[in-house]
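Q: Contents of start27.txt (compact mmCIF, C-alpha atoms and all ligand atoms) are below:
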# COMPACT_ATOMS: atom_id res chain seq x y z
CA MET A 1 52.46 -23.33 26.95
CA LYS A 2 53.03 -27.02 26.37
CA LYS A 3 56.53 -26.94 27.85
CA PHE A 4 55.37 -25.09 30.94
CA TYR A 5 52.73 -27.64 31.83
CA THR A 6 54.63 -30.80 30.98
CA THR A 7 57.72 -29.73 32.87
CA GLY A 8 55.82 -28.47 35.93
CA LEU A 9 57.41 -25.95 38.20
CA ILE A 10 59.60 -26.70 41.15
CA THR A 11 61.27 -23.84 42.93
CA LEU A 12 63.91 -24.39 45.55
CA ILE A 13 64.70 -21.48 47.75
CA THR A 14 67.19 -21.71 50.58
CA ALA A 15 66.59 -19.72 53.72
CA SER A 16 70.06 -18.23 53.58
CA MET A 17 69.44 -16.87 50.13
CA LEU A 18 66.31 -15.20 51.38
CA SER A 19 68.10 -13.73 54.35
CA GLY A 20 71.01 -12.61 52.23
CA CYS A 21 73.34 -13.57 55.03
CA SER A 22 75.81 -16.24 54.01
CA SER A 23 77.52 -16.38 57.42
CA ALA A 24 74.25 -17.59 58.91
CA LEU A 25 74.92 -20.88 57.15
CA SER A 26 77.88 -21.72 59.39
CA VAL A 27 75.95 -21.30 62.60
CA THR A 28 72.47 -22.28 61.56
CA ALA A 29 71.57 -25.75 60.42
CA PRO A 30 70.87 -25.40 56.74
CA HIS A 31 67.24 -25.67 56.03
CA ALA A 32 65.40 -25.29 52.79
CA THR A 33 61.91 -24.42 51.78
CA LEU A 34 60.54 -26.48 48.91
CA ILE A 35 57.68 -24.92 47.06
CA VAL A 36 56.01 -27.31 44.68
CA GLU A 37 53.41 -26.03 42.29
CA GLU A 38 50.99 -28.79 41.32
CA GLU A 39 50.72 -29.52 37.63
CA PRO A 40 47.34 -28.07 36.73
CA GLU A 41 44.68 -30.25 35.18
CA LEU A 42 44.37 -29.40 31.47
CA THR A 43 41.04 -28.60 29.95
CA GLU A 44 39.95 -30.59 26.89
CA GLU A 45 40.45 -27.46 24.84
CA GLU A 46 44.02 -27.09 26.00
CA LYS A 47 44.75 -30.73 25.31
CA ALA A 48 43.37 -30.34 21.80
CA ALA A 49 45.55 -27.27 21.28
CA ILE A 50 48.62 -29.30 22.21
CA ARG A 51 47.59 -32.12 19.86
CA ARG A 52 47.09 -29.58 17.09
CA GLU A 53 50.48 -28.06 17.64
CA GLU A 54 52.13 -31.46 17.62
CA THR A 55 50.36 -33.00 14.64
CA VAL A 56 48.80 -30.33 12.43
CA GLU A 57 51.46 -27.62 12.56
CA PRO A 58 54.29 -29.79 11.18
CA LEU A 59 52.02 -31.11 8.41
CA LEU A 60 50.93 -27.59 7.46
CA LYS A 61 54.58 -26.59 7.30
CA GLU A 62 55.56 -29.59 5.23
CA ALA A 63 52.68 -28.96 2.82
CA GLN A 64 53.66 -25.30 2.52
CA GLU A 65 57.25 -26.19 1.63
CA LEU A 66 56.04 -28.58 -1.06
CA ALA A 67 53.66 -25.96 -2.43
CA HIS A 68 56.52 -23.45 -2.75
CA GLY A 69 58.04 -25.79 -5.34
CA TYR A 70 54.63 -26.37 -7.02
CA PHE A 71 54.26 -29.88 -5.58
CA TYR A 72 50.57 -29.11 -5.02
CA GLU A 73 49.34 -32.67 -5.39
CA GLU A 74 51.79 -33.87 -2.76
CA ALA A 75 50.91 -30.94 -0.48
CA LEU A 76 47.19 -31.68 -0.81
CA ASP A 77 47.82 -35.34 -0.17
CA ILE A 78 49.38 -34.44 3.18
CA LEU A 79 46.52 -32.11 4.10
CA ASN A 80 43.95 -34.70 3.13
CA HIS A 81 45.47 -37.10 5.64
CA ILE A 82 45.31 -34.79 8.59
CA PRO A 83 43.68 -36.41 11.69
CA GLU A 84 39.92 -36.25 11.46
CA GLU A 85 39.40 -33.98 14.46
CA PHE A 86 41.31 -31.22 12.62
CA THR A 87 39.88 -31.53 9.10
CA ALA A 88 37.70 -28.50 9.73
CA ASP A 89 40.63 -26.49 11.13
CA LYS A 90 40.61 -23.03 9.55
CA GLU A 91 44.25 -23.06 8.56
CA VAL A 92 43.95 -26.52 7.06
CA THR A 93 40.89 -25.71 4.97
CA ALA A 94 42.43 -22.41 3.86
CA ALA A 95 45.61 -24.20 2.72
CA ILE A 96 43.60 -26.84 0.85
CA THR A 97 41.64 -24.13 -0.97
CA GLN A 98 44.81 -22.16 -1.72
CA TYR A 99 46.74 -25.11 -3.19
CA THR A 100 43.76 -26.43 -5.15
CA THR A 101 43.21 -23.00 -6.70
CA ALA A 102 46.91 -22.62 -7.48
CA GLN A 103 47.04 -26.05 -9.10
CA ASP A 104 44.04 -25.29 -11.28
CA SER A 105 45.39 -21.90 -12.33
CA PHE A 106 48.32 -23.22 -14.42
CA ILE A 107 48.07 -22.11 -18.02
CA PRO A 108 49.56 -23.48 -21.25
CA TYR A 109 52.61 -21.57 -22.48
CA ASP A 110 52.16 -20.98 -26.21
CA GLN A 111 55.53 -19.49 -27.24
CA PRO A 112 58.68 -21.40 -28.30
CA ILE A 113 60.58 -22.34 -25.16
CA ARG A 114 64.14 -21.26 -24.66
CA HIS A 115 66.90 -23.63 -23.71
CA ILE A 116 70.02 -22.01 -22.23
CA PHE A 117 73.33 -23.72 -21.67
CA PHE A 118 76.66 -23.32 -19.95
CA HIS A 119 80.00 -25.01 -19.58
CA SER A 120 81.77 -25.50 -16.26
CA LEU A 121 82.06 -22.16 -14.52
CA ILE A 122 85.24 -20.14 -14.05
CA VAL A 123 85.78 -19.82 -10.31
CA ASP A 124 89.09 -17.93 -10.34
CA THR A 125 89.12 -15.46 -13.23
CA SER A 126 92.77 -14.54 -12.58
CA LEU A 127 93.74 -18.09 -13.58
CA ALA A 128 91.38 -18.44 -16.55
CA PHE A 129 92.19 -14.98 -17.90
CA ASP A 130 95.93 -15.12 -17.30
CA GLY A 131 97.04 -14.29 -20.83
CA ASP A 132 98.01 -17.84 -21.84
CA TYR A 133 96.83 -19.51 -25.06
CA MET A 134 93.66 -20.80 -23.37
CA GLU A 135 92.45 -17.39 -22.22
CA ASN A 136 90.56 -16.42 -25.36
CA GLY A 137 88.71 -19.74 -25.56
CA TYR A 138 87.56 -19.43 -21.97
CA ASN A 139 86.55 -15.83 -22.61
CA TYR A 140 84.42 -16.91 -25.58
CA TRP A 141 82.78 -20.10 -24.39
CA MET A 142 82.75 -20.04 -20.62
CA THR A 143 80.76 -18.22 -17.96
CA THR A 144 82.15 -17.12 -14.61
CA ALA A 145 80.62 -18.33 -11.35
CA ASP A 146 79.77 -14.73 -10.45
CA GLU A 147 78.03 -14.24 -13.80
CA PHE A 148 76.06 -17.44 -13.37
CA LYS A 149 74.88 -16.39 -9.92
CA ALA A 150 73.89 -12.95 -11.24
CA MET A 151 72.04 -14.59 -14.16
CA LEU A 152 70.03 -16.77 -11.79
CA ASN A 153 68.94 -13.70 -9.86
CA GLU A 154 67.97 -11.90 -13.08
CA LEU A 155 66.13 -14.88 -14.58
CA TYR A 156 64.25 -15.40 -11.34
CA ALA A 157 63.31 -11.73 -11.10
CA ASN A 158 62.19 -11.81 -14.75
CA GLN A 159 59.73 -14.65 -13.97
CA TYR A 160 61.57 -17.54 -15.63
CA ILE A 161 60.98 -21.02 -14.30
CA LEU A 162 62.91 -24.20 -15.04
CA ILE A 163 60.97 -27.00 -16.70
CA ASP A 164 61.72 -30.51 -17.94
CA ILE A 165 62.55 -30.85 -21.65
CA HIS A 166 60.14 -33.81 -21.67
CA ASP A 167 57.29 -31.32 -21.15
CA LEU A 168 57.72 -30.15 -24.75
CA CYS A 169 55.75 -33.05 -26.18
CA GLU A 170 53.43 -35.85 -25.29
CA GLU A 171 53.01 -39.36 -26.58
CA GLN A 172 49.98 -40.55 -28.45
CA THR A 173 49.58 -44.28 -28.87
CA ASP A 174 47.30 -45.60 -31.62
CA GLU A 175 45.31 -48.86 -31.50
CA ASN A 176 48.31 -50.75 -32.93
CA GLY A 177 50.57 -49.49 -30.17
CA ASN A 178 52.48 -47.05 -32.40
CA VAL A 179 53.67 -44.00 -30.51
CA THR A 180 53.52 -40.55 -32.10
CA LEU A 181 54.93 -37.46 -30.45
CA ILE A 182 52.80 -34.34 -30.52
CA ALA A 183 53.79 -30.84 -29.50
CA LYS A 184 52.58 -29.78 -26.12
CA GLN A 185 52.21 -26.40 -24.51
CA PRO A 186 53.60 -26.97 -21.04
CA LEU A 187 51.39 -25.89 -18.16
CA VAL A 188 53.07 -23.25 -16.02
CA PRO A 189 51.97 -20.95 -13.21
CA LYS A 190 50.36 -17.81 -14.65
CA GLY A 191 52.96 -15.17 -15.48
CA LYS A 192 55.91 -17.57 -15.49
CA ILE A 193 58.11 -18.17 -18.54
CA PRO A 194 59.34 -21.75 -18.93
CA LEU A 195 63.01 -22.37 -19.56
CA VAL A 196 65.18 -25.46 -20.10
CA LEU A 197 68.76 -25.42 -18.81
CA SER A 198 71.74 -27.62 -19.62
CA VAL A 199 75.46 -27.81 -18.92
CA ASP A 200 77.94 -29.25 -21.40
CA ASP A 201 81.11 -31.21 -20.77
CA VAL A 202 80.71 -31.60 -17.01
CA ASN A 203 83.75 -33.87 -17.20
CA TYR A 204 86.36 -31.60 -15.60
CA TYR A 205 88.89 -32.17 -18.35
CA GLU A 206 92.62 -32.29 -17.63
CA TYR A 207 93.29 -29.14 -19.67
CA MET A 208 91.21 -27.03 -17.25
CA LYS A 209 93.07 -28.27 -14.20
CA ASN A 210 95.15 -25.20 -13.42
CA ASP A 211 92.85 -22.60 -14.91
CA GLY A 212 90.52 -21.82 -12.03
CA PHE A 213 87.77 -24.43 -12.45
CA ALA A 214 86.37 -27.03 -10.04
CA ARG A 215 87.96 -30.51 -10.28
CA LYS A 216 85.00 -32.81 -9.82
CA LEU A 217 81.57 -33.35 -8.33
CA LEU A 218 81.29 -35.36 -5.13
CA LEU A 219 78.95 -36.10 -2.25
CA ASP A 220 79.67 -34.23 0.97
CA GLU A 221 79.06 -35.66 4.44
CA ASN A 222 75.36 -34.71 4.19
CA GLY A 223 74.98 -36.56 0.90
CA ASP A 224 74.67 -33.30 -1.04
CA VAL A 225 76.33 -32.86 -4.44
CA LYS A 226 79.23 -30.41 -4.17
CA ASN A 227 82.47 -29.60 -5.99
CA LEU A 228 86.05 -30.17 -5.08
CA TYR A 229 87.98 -27.00 -5.79
CA ILE A 230 91.73 -26.66 -5.42
CA ASP A 231 93.04 -23.10 -5.41
CA GLN A 232 96.40 -21.95 -6.75
CA ASN A 233 98.09 -22.62 -3.41
CA GLY A 234 96.87 -26.21 -3.42
CA GLN A 235 94.25 -25.52 -0.77
CA GLU A 236 91.31 -27.91 -1.22
CA SER A 237 87.75 -26.89 -0.51
CA ILE A 238 84.41 -28.58 -0.97
CA GLY A 239 81.54 -26.32 -1.89
CA ASP A 240 79.45 -24.65 -4.58
CA TYR A 241 81.93 -24.03 -7.42
CA ASP A 242 79.97 -25.02 -10.51
CA VAL A 243 76.49 -24.98 -12.01
CA VAL A 244 75.13 -28.06 -10.22
CA PRO A 245 75.62 -27.10 -6.55
CA ILE A 246 75.09 -23.38 -7.23
CA LEU A 247 71.73 -24.07 -8.87
CA ASP A 248 70.83 -26.61 -6.17
CA ALA A 249 71.41 -23.92 -3.53
CA PHE A 250 69.46 -21.33 -5.53
CA VAL A 251 66.43 -23.60 -5.93
CA LYS A 252 66.58 -24.50 -2.25
CA GLU A 253 66.31 -20.81 -1.47
CA HIS A 254 63.83 -20.07 -4.29
CA PRO A 255 61.79 -23.26 -4.85
CA ASP A 256 59.48 -21.35 -7.19
CA PHE A 257 62.33 -21.00 -9.73
CA SER A 258 61.84 -24.67 -10.59
CA LEU A 259 58.67 -26.45 -11.66
CA ARG A 260 58.46 -29.39 -9.28
CA GLY A 261 62.16 -29.58 -8.53
CA VAL A 262 63.45 -29.66 -12.11
CA LYS A 263 67.08 -28.50 -12.43
CA GLY A 264 68.84 -29.15 -15.72
CA ILE A 265 70.45 -31.54 -18.15
CA ILE A 266 74.10 -32.57 -17.86
CA ALA A 267 75.66 -33.26 -21.28
CA GLU A 268 78.52 -35.70 -20.76
CA THR A 269 81.28 -36.91 -23.01
CA GLY A 270 83.28 -40.00 -22.07
CA TYR A 271 86.83 -39.68 -23.38
CA GLU A 272 88.13 -38.36 -20.05
CA GLY A 273 85.63 -40.14 -17.84
CA THR A 274 82.64 -38.58 -16.21
CA LEU A 275 81.87 -35.91 -13.58
CA GLY A 276 85.59 -35.51 -12.82
CA TYR A 277 86.34 -39.23 -12.35
CA ARG A 278 88.71 -40.88 -14.83
CA THR A 279 86.36 -43.80 -15.36
CA HIS A 280 87.51 -44.24 -18.98
CA ASP A 281 91.08 -45.20 -18.08
CA PRO A 282 91.90 -48.90 -17.55
CA GLU A 283 95.24 -47.76 -16.04
CA ASN A 284 93.51 -45.70 -13.35
CA PRO A 285 94.52 -47.41 -10.08
CA ASN A 286 91.24 -46.25 -8.47
CA LEU A 287 89.05 -47.25 -11.40
CA GLU A 288 86.44 -49.23 -9.50
CA GLU A 289 86.30 -46.73 -6.65
CA ASP A 290 85.98 -43.85 -9.12
CA LYS A 291 83.19 -45.61 -10.98
CA ALA A 292 81.32 -46.12 -7.72
CA SER A 293 81.82 -42.45 -6.78
CA ALA A 294 80.65 -41.18 -10.18
CA LYS A 295 77.62 -43.44 -10.01
CA ALA A 296 76.75 -42.29 -6.47
CA VAL A 297 76.98 -38.63 -7.53
CA ALA A 298 74.87 -39.26 -10.64
CA ASP A 299 72.25 -41.16 -8.63
CA ARG A 300 71.95 -38.28 -6.17
CA MET A 301 71.75 -35.77 -9.02
CA ARG A 302 68.89 -37.67 -10.63
CA GLU A 303 67.10 -37.69 -7.28
CA THR A 304 67.51 -33.94 -7.01
CA GLY A 305 66.13 -32.90 -10.39
CA TRP A 306 69.05 -33.40 -12.79
CA GLN A 307 69.03 -35.41 -15.99
CA PHE A 308 71.83 -36.61 -18.25
CA ALA A 309 72.36 -36.41 -21.99
CA VAL A 310 74.82 -37.84 -24.47
CA HIS A 311 77.29 -35.26 -25.73
CA GLY A 312 79.19 -37.84 -27.79
CA TYR A 313 81.83 -40.09 -26.28
CA GLY A 314 84.68 -38.38 -28.09
CA HIS A 315 83.08 -34.93 -28.64
CA ARG A 316 83.18 -35.61 -32.40
CA HIS A 317 81.56 -33.61 -35.19
CA THR A 318 78.34 -35.64 -35.43
CA ALA A 319 77.42 -34.13 -38.79
CA LYS A 320 80.78 -35.00 -40.38
CA ILE A 321 81.76 -38.37 -38.95
CA SER A 322 80.68 -41.57 -40.70
CA TYR A 323 77.62 -43.54 -39.76
CA ASN A 324 79.81 -46.29 -38.32
CA THR A 325 81.89 -43.87 -36.28
CA LEU A 326 78.70 -42.35 -34.85
CA ALA A 327 77.49 -45.84 -33.99
CA SER A 328 80.71 -46.88 -32.24
CA ASP A 329 80.99 -43.51 -30.45
CA THR A 330 77.42 -43.86 -29.14
CA LYS A 331 77.96 -47.48 -28.11
CA LYS A 332 81.07 -46.52 -26.16
CA TRP A 333 79.19 -43.70 -24.40
CA LYS A 334 76.49 -46.09 -23.32
CA GLU A 335 78.99 -48.65 -22.05
CA GLU A 336 81.30 -46.31 -20.16
CA VAL A 337 79.14 -43.31 -19.25
CA GLY A 338 75.54 -44.50 -19.53
CA SER A 339 76.38 -47.43 -17.26
CA LEU A 340 77.20 -44.88 -14.54
CA VAL A 341 74.81 -41.95 -15.12
CA GLY A 342 71.87 -43.95 -16.50
CA ASP A 343 69.90 -44.20 -19.74
CA THR A 344 68.84 -41.09 -21.57
CA ASP A 345 66.70 -40.08 -24.55
CA ILE A 346 68.44 -36.70 -24.97
CA TYR A 347 71.23 -36.12 -27.50
CA ILE A 348 73.11 -32.83 -27.20
CA TYR A 349 75.29 -32.37 -30.27
CA PRO A 350 78.98 -31.58 -29.66
CA TYR A 351 79.74 -28.18 -31.25
CA GLY A 352 75.99 -27.88 -31.84
CA GLU A 353 76.46 -29.65 -35.19
CA GLU A 354 73.23 -31.42 -36.06
CA VAL A 355 72.60 -34.40 -38.31
CA ASP A 356 70.19 -33.99 -41.22
CA TYR A 357 66.47 -34.42 -40.58
CA PRO A 358 65.71 -37.02 -41.77
CA SER A 359 68.87 -39.04 -42.35
CA ASP A 360 70.33 -42.48 -41.66
CA LYS A 361 72.24 -41.03 -38.74
CA LEU A 362 69.06 -39.62 -37.24
CA ARG A 363 67.32 -42.97 -37.70
CA TYR A 364 70.27 -44.67 -36.04
CA LEU A 365 70.16 -42.33 -33.04
CA GLN A 366 66.40 -42.84 -32.79
CA SER A 367 66.89 -46.59 -32.90
CA GLU A 368 69.22 -46.15 -29.92
CA GLY A 369 66.39 -44.53 -27.95
CA PHE A 370 67.05 -40.81 -28.51
CA ARG A 371 64.06 -38.53 -28.98
CA TYR A 372 65.29 -35.08 -27.98
CA PHE A 373 67.97 -33.48 -30.17
CA CYS A 374 69.58 -30.18 -29.28
CA GLY A 375 71.59 -27.89 -31.54
CA VAL A 376 72.72 -24.32 -30.89
CA TRP A 377 70.98 -21.09 -31.90
CA SER A 378 70.51 -17.85 -29.99
CA LYS A 379 66.75 -17.85 -30.66
CA ALA A 380 64.12 -20.08 -29.13
CA PHE A 381 63.25 -22.89 -31.53
CA VAL A 382 61.26 -26.03 -30.87
CA SER A 383 60.06 -28.49 -33.48
CA VAL A 384 58.13 -31.64 -32.64
CA LYS A 385 57.89 -34.23 -35.40
CA ASP A 386 56.18 -37.61 -35.15
CA THR A 387 59.16 -39.37 -33.65
CA TYR A 388 61.53 -36.72 -32.36
CA VAL A 389 61.86 -33.25 -30.85
CA ARG A 390 64.40 -30.62 -31.83
CA GLN A 391 65.18 -27.74 -29.55
CA SER A 392 67.86 -25.09 -30.07
CA ARG A 393 70.03 -24.00 -27.18
CA CYS A 394 71.48 -20.58 -26.50
CA ASN A 395 74.98 -20.30 -25.00
CA LEU A 396 75.10 -17.75 -22.19
CA ASP A 397 78.84 -17.14 -22.36
CA GLY A 398 81.34 -14.40 -23.19
CA PHE A 399 80.67 -14.70 -26.92
CA THR A 400 76.92 -14.17 -26.68
CA MET A 401 77.10 -11.57 -23.92
CA LYS A 402 79.80 -9.51 -25.61
CA THR A 403 78.89 -9.80 -29.30
CA ARG A 404 75.09 -9.98 -29.25
CA PRO A 405 73.61 -8.95 -25.95
CA GLU A 406 70.42 -7.91 -27.77
CA ALA A 407 69.78 -11.56 -28.71
CA ILE A 408 69.30 -12.44 -25.04
CA ALA A 409 67.70 -9.19 -23.86
CA ASP A 410 64.49 -11.12 -23.13
CA LEU A 411 66.41 -13.18 -20.55
CA PHE A 412 68.32 -10.40 -18.79
CA ASP A 413 70.20 -7.17 -19.23
CA VAL A 414 73.79 -8.26 -19.93
CA SER A 415 75.23 -5.14 -18.30
CA ARG A 416 73.86 -6.36 -14.97
CA VAL A 417 75.63 -9.69 -15.30
CA LEU A 418 78.90 -9.39 -17.23
CA ASP A 419 82.04 -10.06 -15.18
CA GLU A 420 84.30 -7.01 -15.15
CA THR A 421 87.42 -9.17 -15.10
CA ARG A 422 86.78 -10.43 -18.66
CA PRO A 423 89.39 -9.15 -21.11
CA ASP A 424 88.39 -8.07 -24.65
CA LEU A 425 87.57 -10.89 -27.06
CA LYS A 426 90.36 -11.47 -29.57
ZN ZN B 1 80.89 -29.71 -25.71
Would you mind writing the structure in this file as structure tokens?

A:
Amino acid sequence: MKKFYTTGLITLITASMLSGCSSALSVTAPHATLIVEEEPELTEEEKAAIRREETVEPLLKEAQELAHGYFYEEALDILNHIPEEFTADKEVTAAITQYTTAQDSFIPYDQPIRHIFFHSLIVDTSLAFDGDYMENGYNYWMTTADEFKAMLNELYANQYILIDIHDLCEEQTDENGNVTLIAKQPLVPKGKIPLVLSVDDVNYYEYMKNDGFARKLLLDENGDVKNLYIDQNGQESIGDYDVVPILDAFVKEHPDFSLRGVKGIIAETGYEGTLGYRTHDPENPNLEEDKASAKAVADRMRETGWQFAVHGYGHRHTAKISYNTLASDTKKWKEEVGSLVGDTDIYIYPYGEEVDYPSDKLRYLQSEGFRYFCGVWSKAFVSVKDTYVRQSRCNLDGFTMKTRPEAIADLFDVSRVLDETRPDLK
């Protein structure tokens, strides 16, 4: 309607067209009839309808998109700033009621919360499972891209929802300013099951180079985080080849799989750089450029719901190494990796090997700002003590899927997910 009136209507009809006789043009002076239809005067009602379409409709749409990802407060904020003449608009008041009700209907989740984790995904199974000495390791500890995508569909269908690990506890500060952590039952939409997700060793190590994995994370021309993948013919492509961009795309399509945009935790080592950039190597001729690229990717990831964790600089056995080695390893991580990906209070143990609770090593890590400590166990386990939180993580890889599918039956039916190209475990 709007377009019709604002454009007006001008119709030009030539006499020859009407007559259907083109030869007439050569003998008759060309003459044209111009029919101009006056732009009609709009009624106040019509003008208001146009204003509504231009101002209210886009705001309703924006609010609805936010609400899909449970950003109810932000959605309501938009609706509460709608121009005064439309505050009584039926659609506006209905949306306000709907989002307020939804926001108030969150309920505390009272069961231990699962934390699942992955390594970089196998894109080309023919290269990972090619019979060389690496095959069995990949088959045990890695997940294929197809499996990961299938898992997301299953988890979503089974009502799981990604939450922030920081929702597992809350701080209580006494009158002297001392902070104590207390366990918290995260608030989730009714019927949803909260889940924490992480990915280990998103470093794109040299040893994986020719085995069918992505090479690095980068920003594409839209500023989105994608992977560089190079196939066995040397053909480069930029796209969704690992957990980060695949999950980003899934949440974009299913915003209600994530509580307020939360994605997961990236557990980084440092001994081969970070995120696929060799930022550890003083001999790297592109060192400064690579540092800037890694930092730009990490910044964008933080903006889009990702967090980072220490996974040791050298992927050492935290439980076995000396106190001093742990201290120098942690210091090096902070200098080389933390300086690019940012500070973190999450420590994800390499090999899942935990320090003792309590112990000098734990006190050291706490003094370095760590509060969340993650080991590995197939069951959900969360323990909140005064000054730290422990949460076990379950590896959703070939080992778990093939040797104990029953341990993860609450998450999904393994038979619906398992990649048929996996060989037998040896
Ligand atoms: Zn690791």

Q: Show me which residues sit within 12 Å of ligand ZN 1 (chain B) when counting only C-alpha atoms and all ligand atoms, and put them as a PyMOL selection string.

A: chain A and resi 117-120+141-142+198-205+266-271+309-318+347-353+374-376+395

Q: Quick one: pull the distance between atom CA of A:Phe71 and atom CA of A:Ser383, Å, one decimal.

A: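 Interatomic distance here is 28.5 Å.
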
Q: Just the residues within 10 Å of A:Tyr140, please, counting all atoms listed in the file, with nothing from its chain fewer than 2 positions along; format it as a ChimeraX atom specification.

A: /A:135-138,142-143,396-403,422,424-426

Q: Determine the nearest neighbour of A:Lys295 from the options A:Val337, A:Leu197, A:Arg260, A:Ala88, counting all atoms listed in the file.

A: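 Counting all atoms listed in the file, the residue closest to A:Lys295 is A:Val337.
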
Q: Report as a ChimeraX atom specification all protein, DNA and RNA residues lying within 8 Å of A:Ile193, evaluated on only C-alpha atoms, omitting residues in the same chain fewer than 6 positions from it.

A: /A:109,159-161

Q: Would you kindly return, as a ChimeraX atom specification, each protein, DNA or RNA residue with an atom no farther than 7 Å from any atom of A:Val56, considering only C-alpha atoms and excluding same-chain residues fewer than 4 positions away?

A: /A:52,60,82

Q: Calculated over only C-alpha atoms, which of the candidates A:Asp248, A:Glu368, A:Asp290, A:Glu38 has the smallest distance to A:Arg278?

A: A:Asp290
